[in-house]
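Undergrad: One file: run29.cif (mmCIF, C-alpha atoms).
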```cif
data_coords
loop_
_atom_site.label_atom_id
_atom_site.label_comp_id
_atom_site.auth_asym_id
_atom_site.auth_seq_id
_atom_site.Cartn_x
_atom_site.Cartn_y
_atom_site.Cartn_z
CA MET Z 1 25.19 -37.30 -14.32
CA THR Z 2 27.47 -36.57 -17.26
CA VAL Z 3 27.60 -33.31 -19.13
CA THR Z 4 29.07 -33.05 -22.58
CA THR Z 5 29.98 -29.99 -24.60
CA ASP Z 6 27.13 -30.64 -27.01
CA ALA Z 7 24.58 -29.81 -24.26
CA PRO Z 8 21.74 -27.55 -25.48
CA ARG Z 9 22.70 -23.92 -25.69
CA THR Z 10 21.16 -21.93 -22.86
CA ARG Z 11 19.70 -18.45 -23.10
CA THR Z 12 22.23 -15.62 -23.23
CA ARG Z 13 19.75 -12.91 -22.31
CA GLY Z 14 21.05 -10.95 -19.35
CA ILE Z 15 24.48 -12.56 -19.56
CA TRP Z 16 25.94 -9.11 -18.83
CA ARG Z 17 24.99 -9.76 -15.20
CA LEU Z 18 27.66 -12.47 -15.00
CA PHE Z 19 30.37 -9.95 -15.82
CA VAL Z 20 28.99 -6.83 -14.13
CA TYR Z 21 27.43 -8.19 -10.92
CA SER Z 22 29.94 -11.00 -10.39
CA GLY Z 23 32.78 -8.63 -11.24
CA ILE Z 24 31.67 -6.08 -8.67
CA GLY Z 25 31.25 -8.80 -6.03
CA ALA Z 26 34.64 -10.37 -6.74
CA PHE Z 27 36.32 -6.95 -6.72
CA MET Z 28 34.87 -6.11 -3.31
CA PHE Z 29 36.01 -9.43 -1.80
CA PHE Z 30 39.27 -10.32 -3.52
CA VAL Z 31 41.13 -7.26 -4.88
CA PRO Z 32 43.38 -5.53 -2.31
CA LEU Z 33 43.68 -1.77 -2.58
CA THR Z 34 45.94 0.65 -0.74
CA ILE Z 35 43.92 3.53 0.72
CA GLY Z 36 45.29 5.81 3.41
CA GLY Z 37 48.40 3.67 3.70
CA LYS Z 38 46.39 0.51 4.43
CA SER Z 39 46.33 -2.34 1.92
CA THR Z 40 43.26 -4.57 2.19
CA ILE Z 41 40.10 -5.52 0.29
CA MET Z 42 37.51 -2.85 -0.48
CA LEU Z 43 34.98 -4.40 1.88
CA ASP Z 44 37.40 -3.94 4.77
CA HIS Z 45 38.04 -0.35 3.69
CA ILE Z 46 34.29 0.31 3.87
CA VAL Z 47 34.07 -1.13 7.38
CA THR Z 48 37.13 0.89 8.46
CA PHE Z 49 35.63 4.06 6.96
CA LEU Z 50 32.41 3.55 8.88
CA GLN Z 51 34.31 2.89 12.10
CA VAL Z 52 36.23 6.15 11.65
CA THR Z 53 33.35 8.36 10.53
CA ILE Z 54 30.49 7.15 12.70
CA GLY Z 55 32.46 5.39 15.41
CA SER Z 56 30.48 6.96 18.25
CA VAL Z 57 27.23 5.48 16.91
CA LEU Z 58 28.52 1.96 16.30
CA PRO Z 59 28.40 0.70 19.92
CA TYR Z 60 24.68 1.48 19.98
CA TYR Z 61 24.20 -0.17 16.58
CA ALA Z 62 26.02 -3.25 17.82
CA LEU Z 63 23.94 -3.25 21.02
CA ALA Z 64 20.72 -3.11 18.97
CA ILE Z 65 21.85 -6.18 16.99
CA ILE Z 66 22.83 -7.94 20.23
CA VAL Z 67 19.47 -7.25 21.90
CA ALA Z 68 17.61 -8.40 18.78
CA GLY Z 69 19.74 -11.54 18.67
CA ALA Z 70 19.09 -12.34 22.33
CA VAL Z 71 15.34 -11.87 21.99
CA TYR Z 72 14.91 -13.59 18.60
CA PRO Z 73 15.15 -17.26 19.78
CA PHE Z 74 12.43 -16.65 22.37
CA VAL Z 75 10.16 -14.84 19.92
CA THR Z 76 10.47 -17.61 17.32
CA GLY Z 77 10.49 -20.47 19.82
CA ASN Z 78 13.85 -21.76 18.55
CA TRP Z 79 15.22 -21.73 22.10
CA LYS Z 80 13.31 -24.90 22.96
CA THR Z 81 14.03 -26.96 19.83
CA SER Z 82 17.04 -28.72 21.41
CA VAL Z 83 19.27 -28.70 24.47
CA ILE Z 84 22.04 -26.99 22.50
CA GLY Z 85 19.51 -24.42 21.26
CA THR Z 86 18.43 -23.69 24.83
CA VAL Z 87 22.02 -23.36 26.06
CA PHE Z 88 23.03 -21.02 23.24
CA SER Z 89 19.85 -18.95 23.73
CA LEU Z 90 20.74 -18.46 27.40
CA PHE Z 91 24.29 -17.52 26.43
CA LYS Z 92 22.84 -14.89 24.10
CA VAL Z 93 20.92 -13.38 27.01
CA VAL Z 94 24.17 -13.26 28.98
CA GLY Z 95 25.81 -11.62 25.94
CA MET Z 96 23.06 -9.00 25.91
CA VAL Z 97 23.73 -8.19 29.56
CA VAL Z 98 27.47 -7.90 28.88
CA GLY Z 99 26.74 -5.70 25.86
CA VAL Z 100 24.67 -3.31 27.96
CA MET Z 101 27.47 -3.12 30.54
CA MET Z 102 30.09 -2.46 27.84
CA VAL Z 103 28.12 0.29 26.10
CA PHE Z 104 27.07 2.07 29.27
CA GLN Z 105 30.36 1.43 31.11
CA VAL Z 106 28.90 -0.28 34.17
CA GLY Z 107 30.13 -3.47 35.77
CA PRO Z 108 33.13 -5.03 37.50
CA ALA Z 109 36.60 -3.63 36.86
CA TRP Z 110 37.96 -6.90 35.43
CA LEU Z 111 35.41 -6.71 32.58
CA PHE Z 112 37.00 -3.48 31.37
CA GLU Z 113 40.56 -4.77 31.31
CA PRO Z 114 41.90 -4.08 27.76
CA ASP Z 115 42.17 -7.80 26.87
CA MET Z 116 38.68 -8.63 28.17
CA GLY Z 117 35.46 -6.80 27.27
CA PRO Z 118 37.04 -4.00 25.21
CA PHE Z 119 38.99 -6.52 23.12
CA LEU Z 120 35.86 -8.54 22.32
CA PHE Z 121 33.65 -5.53 21.71
CA GLU Z 122 36.03 -3.36 19.68
CA LYS Z 123 38.03 -6.01 17.81
CA LEU Z 124 35.29 -8.57 17.14
CA VAL Z 125 31.73 -7.42 17.86
CA ILE Z 126 31.70 -4.09 16.01
CA PRO Z 127 33.72 -5.21 12.93
CA VAL Z 128 31.71 -8.45 12.55
CA GLY Z 129 28.45 -6.54 13.11
CA LEU Z 130 29.33 -4.32 10.16
CA LEU Z 131 31.11 -6.84 7.96
CA VAL Z 132 28.41 -9.51 7.79
CA PRO Z 133 25.40 -7.37 6.72
CA ILE Z 134 27.44 -5.15 4.38
CA GLY Z 135 29.27 -8.14 2.94
CA ALA Z 136 25.93 -9.81 2.29
CA VAL Z 137 25.10 -7.10 -0.28
CA PHE Z 138 28.16 -7.88 -2.39
CA LEU Z 139 27.85 -11.58 -1.64
CA ALA Z 140 24.52 -11.48 -3.46
CA LEU Z 141 26.34 -10.16 -6.53
CA MET Z 142 29.20 -12.64 -6.40
CA VAL Z 143 27.48 -15.99 -5.86
CA SER Z 144 24.18 -15.79 -7.74
CA TYR Z 145 25.06 -14.83 -11.30
CA GLY Z 146 27.20 -17.65 -12.63
CA LEU Z 147 30.65 -17.02 -11.14
CA LEU Z 148 30.26 -19.82 -8.58
CA GLU Z 149 29.34 -22.32 -11.29
CA PHE Z 150 32.03 -21.13 -13.71
CA ILE Z 151 34.87 -21.36 -11.16
CA GLY Z 152 33.47 -24.60 -9.78
CA VAL Z 153 33.74 -26.39 -13.10
CA LEU Z 154 37.32 -25.23 -13.67
CA VAL Z 155 38.67 -26.38 -10.29
CA GLN Z 156 36.50 -29.47 -9.84
CA ARG Z 157 39.39 -31.82 -10.64
CA VAL Z 158 41.31 -30.40 -7.69
CA MET Z 159 38.61 -29.85 -5.06
CA ARG Z 160 36.76 -33.15 -5.31
CA PRO Z 161 39.66 -35.64 -5.04
CA ILE Z 162 41.67 -33.69 -2.45
CA TRP Z 163 39.03 -32.12 -0.20
CA ARG Z 164 35.92 -34.08 -1.24
CA THR Z 165 33.95 -30.90 -1.87
CA PRO Z 166 32.49 -29.46 -5.08
CA GLY Z 167 34.63 -27.23 -7.24
CA ARG Z 168 32.36 -24.31 -6.38
CA SER Z 169 33.61 -24.50 -2.75
CA ALA Z 170 36.85 -22.85 -3.89
CA ILE Z 171 34.96 -19.55 -3.66
CA ASP Z 172 34.27 -20.19 0.03
CA ALA Z 173 37.90 -20.95 0.75
CA VAL Z 174 39.17 -17.79 -0.94
CA ALA Z 175 36.43 -15.63 0.60
CA SER Z 176 37.45 -16.77 4.07
CA PHE Z 177 41.19 -16.28 3.59
CA VAL Z 178 40.87 -12.93 1.84
CA GLY Z 179 37.70 -11.66 3.48
CA SER Z 180 36.32 -13.26 6.63
CA TYR Z 181 35.21 -16.64 8.00
CA SER Z 182 31.80 -15.10 8.68
CA LEU Z 183 31.42 -14.23 5.00
CA GLY Z 184 32.68 -17.66 3.97
CA LEU Z 185 30.08 -19.26 6.24
CA LEU Z 186 27.41 -17.00 4.79
CA ILE Z 187 28.31 -18.33 1.32
CA THR Z 188 28.37 -21.92 2.60
CA ASN Z 189 25.02 -21.65 4.34
CA ARG Z 190 23.37 -20.06 1.30
CA ALA Z 191 24.74 -22.80 -0.99
CA PHE Z 192 23.58 -25.51 1.47
CA LYS Z 193 20.08 -24.04 1.68
CA ASP Z 194 20.00 -23.78 -2.12
CA GLY Z 195 20.89 -27.47 -2.49
CA LYS Z 196 24.36 -26.86 -3.93
CA TYR Z 197 26.17 -28.54 -1.01
CA THR Z 198 25.31 -31.63 1.03
CA ALA Z 199 25.46 -31.66 4.84
CA ARG Z 200 28.89 -33.35 4.77
CA GLU Z 201 30.27 -30.95 2.17
CA SER Z 202 28.98 -27.97 4.17
CA ALA Z 203 30.56 -29.31 7.36
CA ILE Z 204 33.90 -29.86 5.60
CA ILE Z 205 33.85 -26.32 4.22
CA ALA Z 206 32.77 -24.77 7.52
CA THR Z 207 35.46 -26.54 9.57
CA GLY Z 208 38.19 -26.74 6.94
CA PHE Z 209 38.06 -23.53 4.92
CA SER Z 210 36.50 -20.95 7.26
CA THR Z 211 39.74 -19.44 8.52
CA VAL Z 212 40.30 -15.98 9.89
CA SER Z 213 41.06 -13.46 7.17
CA ALA Z 214 44.48 -12.54 5.84
CA THR Z 215 44.02 -9.09 7.39
CA PHE Z 216 43.63 -10.69 10.84
CA MET Z 217 46.67 -12.84 10.12
CA VAL Z 218 48.60 -9.59 9.81
CA ILE Z 219 47.58 -8.71 13.38
CA VAL Z 220 48.83 -12.12 14.55
CA ALA Z 221 52.10 -11.67 12.65
CA LYS Z 222 52.63 -8.22 14.13
CA THR Z 223 51.99 -9.51 17.65
CA LEU Z 224 54.51 -12.31 17.13
CA ASP Z 225 57.06 -10.03 15.39
CA LEU Z 226 56.83 -12.14 12.23
CA MET Z 227 56.20 -9.36 9.70
CA GLY Z 228 59.79 -9.75 8.54
CA GLN Z 229 58.82 -13.28 7.47
CA TRP Z 230 55.30 -12.35 6.35
CA THR Z 231 55.47 -14.04 2.93
CA ALA Z 232 56.73 -17.31 4.40
CA TYR Z 233 54.22 -17.12 7.27
CA PHE Z 234 51.26 -16.47 4.96
CA TRP Z 235 52.02 -19.22 2.45
CA VAL Z 236 53.03 -21.83 5.02
CA THR Z 237 49.82 -21.10 6.94
CA PHE Z 238 47.77 -21.31 3.74
CA LEU Z 239 49.29 -24.62 2.64
CA VAL Z 240 49.28 -26.24 6.09
CA THR Z 241 45.68 -25.24 6.73
CA PHE Z 242 44.41 -26.87 3.56
CA LEU Z 243 46.68 -29.90 3.91
CA VAL Z 244 45.22 -30.50 7.38
CA THR Z 245 41.73 -30.18 5.90
CA ALA Z 246 42.58 -32.80 3.28
CA LEU Z 247 43.45 -35.17 6.12
CA THR Z 248 40.52 -34.45 8.45
CA VAL Z 249 37.92 -35.04 5.72
CA ARG Z 250 39.06 -38.66 5.57
CA ILE Z 251 38.65 -39.46 9.26
CA TRP Z 252 35.84 -39.47 11.81
CA PRO Z 253 33.78 -37.39 12.58
CA LEU Z 254 33.70 -35.52 9.25
CA ASN Z 255 33.54 -38.69 7.15
CA SER Z 256 30.51 -39.88 9.15
CA ILE Z 257 28.27 -36.86 8.48
CA PRO Z 258 25.41 -37.81 6.11
CA ASP Z 259 25.88 -36.84 2.48
CA THR Z 260 22.31 -35.51 2.29
CA TYR Z 261 20.83 -32.20 1.20
CA HIS Z 262 18.96 -29.56 3.17
CA PRO Z 263 15.39 -30.82 3.73
CA ASP Z 264 13.88 -27.70 2.15
CA ALA Z 265 16.24 -27.54 -0.84
CA THR Z 266 16.07 -28.90 -4.36
CA PRO Z 267 19.33 -30.86 -4.78
CA GLN Z 268 21.68 -29.26 -7.32
CA PRO Z 269 24.72 -31.56 -7.23
CA GLU Z 270 27.78 -30.55 -9.17
CA GLU Z 271 27.82 -32.55 -12.38
CA VAL Z 272 30.62 -34.88 -13.50
CA LEU Z 273 32.19 -33.40 -16.58
CA THR Z 274 33.48 -34.77 -19.83
CA GLY Z 275 34.54 -32.80 -22.87
CA LYS Z 276 36.02 -29.33 -22.90
CA ARG Z 277 35.92 -28.00 -19.35
CA LEU Z 278 35.92 -24.31 -20.34
CA SER Z 279 32.91 -24.79 -22.64
CA VAL Z 280 30.94 -26.60 -19.94
CA ALA Z 281 31.87 -23.91 -17.39
CA TRP Z 282 30.49 -21.25 -19.74
CA LEU Z 283 27.27 -23.21 -20.31
CA GLN Z 284 26.67 -23.67 -16.59
CA ALA Z 285 27.35 -20.00 -15.93
CA GLN Z 286 24.74 -19.08 -18.57
CA GLU Z 287 22.20 -21.39 -16.96
CA ALA Z 288 22.84 -19.85 -13.54
CA VAL Z 289 22.38 -16.33 -14.88
CA ALA Z 290 19.14 -17.31 -16.59
CA ALA Z 291 17.78 -18.80 -13.35
CA ALA Z 292 19.00 -16.01 -11.06
CA PRO Z 293 16.46 -13.82 -9.23
CA SER Z 294 16.25 -10.08 -9.77
CA LEU Z 295 18.90 -7.92 -8.15
CA GLY Z 296 16.50 -6.47 -5.58
CA ILE Z 297 15.15 -9.84 -4.43
CA ASN Z 298 18.62 -11.34 -4.33
CA VAL Z 299 20.14 -8.52 -2.29
CA TRP Z 300 17.19 -8.50 0.12
CA ARG Z 301 17.42 -12.25 0.70
CA ASN Z 302 21.15 -12.16 1.40
CA VAL Z 303 21.01 -9.05 3.58
CA ARG Z 304 18.23 -10.63 5.62
CA ASP Z 305 20.38 -13.75 6.11
CA GLY Z 306 23.36 -11.54 6.97
CA VAL Z 307 21.46 -9.60 9.63
CA LEU Z 308 20.09 -12.82 11.15
CA MET Z 309 23.60 -14.26 11.25
CA ALA Z 310 24.94 -11.09 12.91
CA MET Z 311 22.12 -11.33 15.46
CA ALA Z 312 23.18 -14.90 16.26
CA ILE Z 313 26.92 -14.17 16.37
CA LEU Z 314 27.30 -10.94 18.34
CA PRO Z 315 25.67 -11.89 21.65
CA SER Z 316 27.48 -15.24 21.58
CA ILE Z 317 30.85 -13.53 21.13
CA LEU Z 318 30.20 -11.46 24.25
CA SER Z 319 29.20 -14.48 26.34
CA ILE Z 320 31.09 -17.54 25.10
CA GLY Z 321 34.12 -15.49 24.06
CA LEU Z 322 34.22 -13.72 27.40
CA LEU Z 323 33.94 -17.02 29.25
CA GLY Z 324 36.93 -18.35 27.32
CA LEU Z 325 39.00 -15.26 28.13
CA VAL Z 326 38.09 -15.45 31.81
CA LEU Z 327 39.00 -19.15 31.99
CA ALA Z 328 42.31 -18.49 30.26
CA SER Z 329 43.22 -15.51 32.45
CA TYR Z 330 41.91 -16.43 35.89
CA THR Z 331 41.71 -20.23 36.10
CA PRO Z 332 44.04 -23.20 35.52
CA VAL Z 333 41.62 -24.82 33.04
CA PHE Z 334 43.89 -24.30 30.05
CA ASP Z 335 46.94 -25.31 32.06
CA TRP Z 336 45.23 -28.65 32.60
CA LEU Z 337 44.12 -28.86 28.96
CA ALA Z 338 47.71 -28.21 27.92
CA TYR Z 339 48.65 -31.71 29.11
CA VAL Z 340 46.57 -33.10 26.24
CA PHE Z 341 48.99 -31.52 23.76
CA TYR Z 342 52.19 -31.76 25.82
CA PRO Z 343 53.12 -35.28 24.58
CA PHE Z 344 53.05 -33.95 21.01
CA THR Z 345 55.00 -30.74 21.68
CA TRP Z 346 57.57 -32.70 23.72
CA ALA Z 347 57.96 -35.41 21.07
CA LEU Z 348 58.40 -32.77 18.38
CA GLN Z 349 61.32 -31.33 20.40
CA LEU Z 350 59.86 -27.82 20.42
CA PRO Z 351 61.43 -25.28 22.78
CA GLU Z 352 59.25 -24.60 25.84
CA PRO Z 353 56.95 -27.54 25.07
CA MET Z 354 54.52 -26.78 27.94
CA LEU Z 355 54.11 -23.17 26.79
CA VAL Z 356 53.43 -24.35 23.22
CA ALA Z 357 50.93 -26.90 24.56
CA LYS Z 358 49.06 -24.27 26.59
CA ALA Z 359 49.03 -21.84 23.65
CA SER Z 360 47.66 -24.62 21.42
CA ALA Z 361 44.94 -25.39 23.97
CA VAL Z 362 43.83 -21.82 24.61
CA GLY Z 363 43.12 -21.27 20.90
CA VAL Z 364 39.78 -23.05 21.26
CA ALA Z 365 38.53 -20.09 23.30
CA GLU Z 366 39.82 -17.28 21.04
CA MET Z 367 42.26 -17.61 18.15
CA PHE Z 368 44.22 -14.49 19.13
CA LEU Z 369 45.06 -15.74 22.65
CA PRO Z 370 47.86 -18.15 21.58
CA ALA Z 371 49.79 -15.26 20.02
CA LEU Z 372 49.56 -13.26 23.25
CA LEU Z 373 50.90 -16.20 25.28
CA VAL Z 374 54.04 -16.80 23.17
CA ALA Z 375 54.80 -13.22 22.09
CA GLY Z 376 58.01 -13.26 24.16
CA SER Z 377 59.21 -16.71 23.13
CA VAL Z 378 61.78 -17.81 20.55
CA PRO Z 379 61.10 -17.46 16.78
CA VAL Z 380 60.43 -21.19 16.20
CA VAL Z 381 57.73 -21.23 18.87
CA LYS Z 382 56.18 -17.99 17.61
CA PHE Z 383 56.06 -19.29 14.04
CA VAL Z 384 54.51 -22.62 15.04
CA ILE Z 385 51.83 -21.01 17.19
CA GLY Z 386 51.19 -18.35 14.55
CA VAL Z 387 50.28 -21.13 12.12
CA VAL Z 388 48.40 -23.22 14.71
CA SER Z 389 46.18 -20.29 15.72
CA VAL Z 390 44.94 -19.97 12.12
CA SER Z 391 44.97 -23.62 11.02
CA GLY Z 392 43.05 -24.76 14.12
CA ILE Z 393 40.12 -22.76 12.65
CA ILE Z 394 37.55 -23.60 15.35
CA PHE Z 395 37.26 -21.23 18.33
CA PHE Z 396 34.38 -20.42 20.63
CA SER Z 397 34.56 -16.63 20.71
CA ALA Z 398 33.25 -16.27 17.17
CA LEU Z 399 33.48 -19.19 14.72
CA VAL Z 400 31.43 -21.68 16.76
CA PRO Z 401 28.57 -19.17 17.21
CA CYS Z 402 28.82 -18.46 13.47
CA ILE Z 403 28.43 -22.16 12.62
CA MET Z 404 25.61 -22.54 15.14
CA ALA Z 405 23.83 -19.64 13.41
CA THR Z 406 23.74 -21.59 10.14
CA ASP Z 407 21.69 -24.61 9.05
CA ILE Z 408 24.80 -26.80 8.84
CA PRO Z 409 24.09 -29.92 10.96
CA ILE Z 410 27.23 -30.34 13.03
CA PRO Z 411 27.01 -30.45 16.86
CA VAL Z 412 29.36 -28.58 19.17
CA TRP Z 413 31.06 -31.70 20.51
CA LYS Z 414 32.08 -32.73 17.00
CA LEU Z 415 33.51 -29.26 16.45
CA VAL Z 416 35.70 -29.77 19.53
CA VAL Z 417 36.92 -33.14 18.21
CA ILE Z 418 37.74 -31.62 14.81
CA TRP Z 419 39.57 -28.73 16.52
CA PHE Z 420 41.74 -31.20 18.45
CA GLN Z 421 42.53 -33.14 15.28
CA ARG Z 422 43.45 -29.96 13.42
CA VAL Z 423 45.75 -28.69 16.17
CA VAL Z 424 47.65 -31.98 16.48
CA LEU Z 425 48.03 -32.38 12.71
CA THR Z 426 49.14 -28.75 12.35
CA LEU Z 427 51.78 -29.16 15.06
CA VAL Z 428 53.14 -32.29 13.37
CA ILE Z 429 53.27 -30.69 9.91
CA VAL Z 430 54.48 -27.16 10.71
CA THR Z 431 57.16 -27.93 13.31
CA PRO Z 432 59.74 -29.33 10.82
CA ILE Z 433 59.05 -26.36 8.53
CA ALA Z 434 59.63 -23.93 11.41
CA PHE Z 435 62.95 -25.58 12.28
CA LEU Z 436 64.03 -25.28 8.63
CA LEU Z 437 63.13 -21.58 8.53
CA PHE Z 438 64.64 -20.65 11.90
#
```
Can you present the structure in this file as structure tokens?
TA:
Amino acid sequence: MTVTTDAPRTRTRGIWRLFVYSGIGAFMFFVPLTIGGKSTIMLDHIVTFLQVTIGSVLPYYALAIIVAGAVYPFVTGNWKTSVIGTVFSLFKVVGMVVGVMMVFQVGPAWLFEPDMGPFLFEKLVIPVGLLVPIGAVFLALMVSYGLLEFIGVLVQRVMRPIWRTPGRSAIDAVASFVGSYSLGLLITNRAFKDGKYTARESAIIATGFSTVSATFMVIVAKTLDLMGQWTAYFWVTFLVTFLVTALTVRIWPLNSIPDTYHPDATPQPEEVLTGKRLSVAWLQAQEAVAAAPSLGINVWRNVRDGVLMAMAILPSILSIGLLGLVLASYTPVFDWLAYVFYPFTWALQLPEPMLVAKASAVGVAEMFLPALLVAGSVPVVKFVIGVVSVSGIIFFSALVPCIMATDIPIPVWKLVVIWFQRVVLTLVIVTPIAFLLF
């Protein structure tokens, strides 16, 4: 379909919502503020404030979400819809058991090692359990009142030819890098269910843009003693991540996912533009505002989706994530898996190629583990793994459960294939850069 600038003028009634609601949402997600010596987005400040002020209550809040998430598939019958559904439902039950043990401090000693249960519960479960539902409130403001359409039109020329996604997906990419992959996936899933993305576009966005946040990148950089090179680390990671995505969208399995819409959605494909881009962007924003639901309905719908996503994520983090940590710490599984990457790390002439290969492999369990493995290595290795841990994107402790909690039709085995592709491509691209910097 072609849109020209002489399209009929849409209603301007309520256009203030574009500026007020979208402005509030964008401010909460994208504008860093320094409060109490900490510079981050306002949404993260809110989560931190809650953790400080009502920290003693949060484990019980998280446990309530975990229990609800473990029970929900059996109440709705979703546990028997597929083999994967059954497996993940059982993992959620295991996560519930682990959650009870963590909150009430009962269980084997190894579970309470600092880098086991406490790491998962305090660094992932509680923050994600707060971030997703609270973020959903402001997400409702940011994506439903024209901003998505306005930005989408302006960057369409870049997004479509390079990443084969609509211009509006730029919001998802920025939300993930600045905010959180869980929030980015919440945006992606809502747009897919609304008919704004196809299955292939949603899969590309979920596996190519849903990185850990910049705030978590700071934790990685601190662990690897890279804060002195923070600017270089951030921008190299940003560019490499999206360059790798531009490559993976052109190869199997991403290019084989059907370009179809959600079965319950009315397709709303992004239109091909001619004429003055800014004028068309303004027209489409007006149309979106005119069609938007009331604030109350919109917030309720997004908060409901956010709570359901948190219910799906939290018990999976405590089961699948814990399994990955146990395998990495107490078994040779990742030592064996390292041999898959060793030919690449050896050919790239990286120092300690087997260590780099193991660190690359262990990232599929939890993205923070690679940094722990190479924290004592040389700067080149630390820089490479710092980028790989973010650019690999897919890890089982949190992102895979997040994707499985959405309607995006991409099976787990394809996620593993995409992860492997991303790690290899990242190693090939970032290694020469690391040698130039160090």
Undergrad: Quick one: distance from CA of Asn302 in chain Z to CA of Val132 in chain Z in Å, one decimal?
TA: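 Taking CA of Asn302 in chain Z and CA of Val132 in chain Z, their separation equals 10.0 Å.
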Undergrad: What residues have an atom no more than 12 Å from (19.1, -26.3, -0.5) in the file's own frame, counting only C-alpha atoms, and can you write them as a ChimeraX atom specification?
TA: /Z:188-199,202,260-269,407-408
Undergrad: Would you write out, as an MDAnalysis selection string, every residue that the PyMOL selection byres ((chain Z and resi 247-254) around 7) captures in this file?
TA: chainID Z and resid 163 200 204 243:246 255:257 414
Undergrad: Please identify every residue of range 262-349 of chain Z that has at least one atom no farther than 12 Å from an atom of range 54-65 of chain Z, counting only C-alpha atoms, and for each give the shortest atom pair and the distance in Å to one decimal, arranged by chain then increasing number, as a Markdown table.
TA:
```
| residue | atom | partner | partner_atom | distance |
| --- | --- | --- | --- | --- |
| Z:Gly306 | CA | Z:Ile65 | CA | 11.5 |
| Z:Val307 | CA | Z:Ile65 | CA | 8.1 |
| Z:Leu308 | CA | Z:Ile65 | CA | 9.0 |
| Z:Met309 | CA | Z:Ile65 | CA | 10.1 |
| Z:Ala310 | CA | Z:Ile65 | CA | 7.1 |
| Z:Met311 | CA | Z:Ile65 | CA | 5.4 |
| Z:Ala312 | CA | Z:Ile65 | CA | 8.9 |
| Z:Ile313 | CA | Z:Ile65 | CA | 9.5 |
| Z:Leu314 | CA | Z:Ile65 | CA | 7.4 |
| Z:Pro315 | CA | Z:Ile65 | CA | 8.3 |
| Z:Ser316 | CA | Z:Ile65 | CA | 11.6 |
| Z:Ile317 | CA | Z:Ala62 | CA | 11.8 |
| Z:Leu318 | CA | Z:Leu63 | CA | 10.8 |
```
Undergrad: Write the residues of the selection above to a file with C-alpha atoms, as an mmCIF file, in the coordinates of the input.
TA:
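Saved file selection-v3.cif follows:
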```
data_model
loop_
_atom_site.group_PDB
_atom_site.id
_atom_site.type_symbol
_atom_site.label_atom_id
_atom_site.label_comp_id
_atom_site.auth_asym_id
_atom_site.auth_seq_id
_atom_site.Cartn_x
_atom_site.Cartn_y
_atom_site.Cartn_z
ATOM 1 C CA GLY Z 306 23.360 -11.540 6.970
ATOM 2 C CA VAL Z 307 21.460 -9.600 9.630
ATOM 3 C CA LEU Z 308 20.090 -12.820 11.150
ATOM 4 C CA MET Z 309 23.600 -14.260 11.250
ATOM 5 C CA ALA Z 310 24.940 -11.090 12.910
ATOM 6 C CA MET Z 311 22.120 -11.330 15.460
ATOM 7 C CA ALA Z 312 23.180 -14.900 16.260
ATOM 8 C CA ILE Z 313 26.920 -14.170 16.370
ATOM 9 C CA LEU Z 314 27.300 -10.940 18.340
ATOM 10 C CA PRO Z 315 25.670 -11.890 21.650
ATOM 11 C CA SER Z 316 27.480 -15.240 21.580
ATOM 12 C CA ILE Z 317 30.850 -13.530 21.130
ATOM 13 C CA LEU Z 318 30.200 -11.460 24.250
#
```
Undergrad: Calculate how many Å separate CA of Gly386 in chain Z from CA of Gln349 in chain Z, rounding to one decimal.
TA: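 Separating CA of Gly386 in chain Z from CA of Gln349 in chain Z is a distance of 17.5 Å.
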Undergrad: For the provided coordinates, the residues matched by the PyMOL selection byres ((chain Z and resi 124) around 12) should be stated as a PyMOL selection string.
TA: chain Z and resi 59+62+115-123+125-132+180+182+212+216+310+313-318+321-322+366-368+397-399
Undergrad: Can you give me, as a ChimeraX atom specification, the residues this file yields under the PyMOL selection byres ((chain Z and resi 400) around 10)?
TA: /Z:206-207,313,316-317,320-321,364-365,393-399,401-405,411-412,415-416
Undergrad: Might you pull out every residue within 9 Å of Val303 in chain Z, with all atoms listed in the file counted and same-chain residues fewer than 3 positions away left off, and present them as a list in words?
TA: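 Within the cut-off, the hits are Val132, Pro133, Ile134, Gly135, Ala136, Val137, Leu139, Ala140, Asn298, Val299, Trp300, Gly306, Val307 and Leu308 of chain Z.
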Undergrad: List the neighbours of range 378-383 of chain Z out to 8 Å using all atoms listed in the file; skip same-chain residues closer than 4 positions along the sequence, and give me the result as a PyMOL selection string.
TA: chain Z and resi 224+226+233+350-352+356+371+374+387+434-435+438
Undergrad: What does the distance between CA of Val424 in chain Z and CA of Ile385 in chain Z come to in Å, to one decimal place?
TA: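 Separation of CA of Val424 in chain Z and CA of Ile385 in chain Z: 11.8 Å.
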Undergrad: With distances taken over all atoms listed in the file, which of Z:Leu427, Z:Val83, Z:Ile46, Z:Val362 is nearest to Leu327 in chain Z?
TA: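 For Leu327 in chain Z, the nearest of the given residues is Z:Val362.
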Undergrad: I'd like to know which of Z:Arg17, Z:Lys38, Z:Lys222, Z:Lys92 is closest to Trp79 in chain Z, using all atoms listed in the file.
TA: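 Of Z:Arg17, Z:Lys38, Z:Lys222, Z:Lys92, the one nearest Trp79 in chain Z, counting all atoms listed in the file, is Z:Lys92.
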